[in-house]
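S.K.: My questions all concern the structure below.
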Amino acid sequence: MESVVRAFAIYMFVLLAFRLTGKRSLAQITPFDFVLLLIMGEATQQALLGDDFSVTNAFLVILTLMTLDICLALIKGRSRRLEKWLDDVPLIIVENGRPLKDRMAKSQVDEEDVLEAGRRLQGLERMEQIKYAVLERSGGISIIPRAGSEVSPATGDAGLNEL
Amino acid sequence: MESKRIEINEDLLFQRRSWKVQRAAWAVMALLIAGGILGLFGSGPLSRARAGASGQPPVLEYSRFARFQASTILRVQVQQGFWIAAEYLERMQIESITPEPATTEAATDRVSYTFSRLEPSQPITVTFRIKPQHIGVLRGRIGSSESQTIRFSQFVYP
């Protein structure tokens, strides 16, 4: 019984912790975020297994986690409200080249993050080329360029030839 | 809000509420960490406790808060041999007793320890390293022939 309770408790706690620390921690953009996720994995491992290293215990823990995942997926399908609480909602942070500062501050996203996404995803150079920037539920940023601004990232030329 | 041509499942009301909940949660986290540092969850100033008449053996040093299957220390200062309640020991795994007892005698409700003495007139300190095997409140009793029973209780976190 202990294995199931441990797995359940730890899953819920980590889920809650991630939802409460804010979206960006999931996006793994910087070494800072990556280290956090890596170490958290290590911290939970011991707590999940306790001092029981039998195969049976591992099976029970894995089964419990998968069952929880399925249950939550089913519940999310049924209840819009619960889906919002569990998964979050997307948020527009730049509109027509103008960053929405209040939203960005509350979401802990700065303009450099948006510009970086613009460069990486669309090969954009300036904020004004962005029609919409959306902070997705995953913590990543999606960019919709203004018509006429799209440049393929592979061929985009940053104008360094002049050097 | 102006109409947008972008189809998106935005919900500003929910978002603002979310942000408030997050801020509150951060305050709770800070409190929990402060508690952890102070020893609310074991090992720290809030957790260290003594029982027994001060200055006069037997004196017991123990942790008010312990954690499941994590070592904790029980220190007893005695003049002679002493006993510990059996129901307390049953809920523990004893990792070590320093110094090792000369004799260990069991009765229905207690286990009695005696020690070989170099200086029989001086009190000695015995250190138990133990791991709780049960979660929740643990009540223990320690006593010796010369004194009243010392009662103590610990809370074991899961």
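Simple scheme: letters A, B, ... for chains in structure tokens order, numbers from 1 for residues in each chain, numbers from 1 for ligands in the order shown.
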List every residue of chain A that DSSP, applied to the backbone, labels as strand (DSSP E), and write the result as a list in words.
M.R.: Leu91, Ile92, Ile93, Val94, Glu95, Arg98, Pro99, Ile130, Lys131, Tyr132, Ala133, Val134, Leu135, Ile141, Ser142, Ile143, Ile144 and Pro145 of chain A
S.K.: Residues of chain A no more than 9 Å from chain B, counting only C-alpha atoms: send them over as a CSV table (one decimal) with C-alpha atoms, in the first residue's frame.
M.R.:
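Saved file part.csv follows:
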```
chain,number,residue,atom,x,y,z
A,19,ARG,CA,1.6,24.8,-11.3
A,20,LEU,CA,2.4,27.2,-8.5
A,21,THR,CA,5.9,28.3,-9.5
A,22,GLY,CA,4.7,29.6,-12.8
A,50,GLY,CA,12.0,4.4,-0.2
A,51,ASP,CA,14.3,1.5,0.8
A,84,LYS,CA,-7.8,25.1,-16.9
A,85,TRP,CA,-6.6,24.5,-13.3
A,88,ASP,CA,-3.2,26.6,-17.5
A,89,VAL,CA,-4.4,28.8,-20.4
A,90,PRO,CA,-2.4,30.6,-23.1
A,91,LEU,CA,-1.7,34.3,-22.8
A,92,ILE,CA,-1.0,37.0,-25.5
A,106,LYS,CA,3.3,39.0,-14.0
A,107,SER,CA,4.4,36.0,-16.1
A,132,TYR,CA,1.3,38.3,-31.8
```
S.K.: Based on DSSP run over this structure's backbone, return all residues of region 22-152 of chain B in alpha helix (DSSP H), as a PyMOL selection string.
M.R.: chain B and resi 22-38+86-90
S.K.: Can you list, as a list in words, every protein, DNA or RNA residue that comes within 7 Å of region 60-74 of chain A when you count only C-alpha atoms, leaving out same-chain residues fewer than 2 positions away?
M.R.: Ser3, Val4, Ala7, Phe8, Thr56, Asn57, Ala58, Lys76, Gly77 and Arg78 of chain A
S.K.: Residues within 10 Å of region 145-150 of chain B, please, as a PyMOL selection string. Count only C-alpha atoms; anything in the same chain fewer than 3 positions from it doesn't count.
M.R.: chain B and resi 51-53+56-60+78-85+140-142
S.K.: Emit the selected residues as a CSV table (one decimal), in the first residue's frame, including C-alpha atoms.
M.R.:
```
chain,number,residue,atom,x,y,z
B,51,ALA,CA,13.5,16.0,29.5
B,52,GLY,CA,14.2,15.2,33.0
B,53,ALA,CA,15.4,17.3,36.0
B,56,GLN,CA,20.5,15.7,37.7
B,57,PRO,CA,20.6,12.4,35.8
B,58,PRO,CA,18.7,10.8,34.2
B,59,VAL,CA,18.5,13.5,31.5
B,60,LEU,CA,17.2,12.8,28.1
B,78,VAL,CA,22.4,8.3,33.6
B,79,GLN,CA,24.1,7.4,36.9
B,80,GLN,CA,23.2,3.7,36.6
B,81,GLY,CA,21.5,1.4,34.2
B,82,PHE,CA,18.1,2.4,32.7
B,83,TRP,CA,15.1,1.0,30.9
B,84,ILE,CA,13.2,2.1,27.8
B,85,ALA,CA,9.5,1.3,27.2
B,140,GLY,CA,8.2,6.9,24.9
B,141,ARG,CA,9.1,6.4,28.5
B,142,ILE,CA,12.6,6.1,30.0
```
S.K.: To one decimal in Å, tell me the separation between CA of Gly41 (chain A) and CA of Arg6 (chain A).
M.R.: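 Computed distance, CA of Gly41 (chain A) to CA of Arg6 (chain A), equals 15.0 Å.
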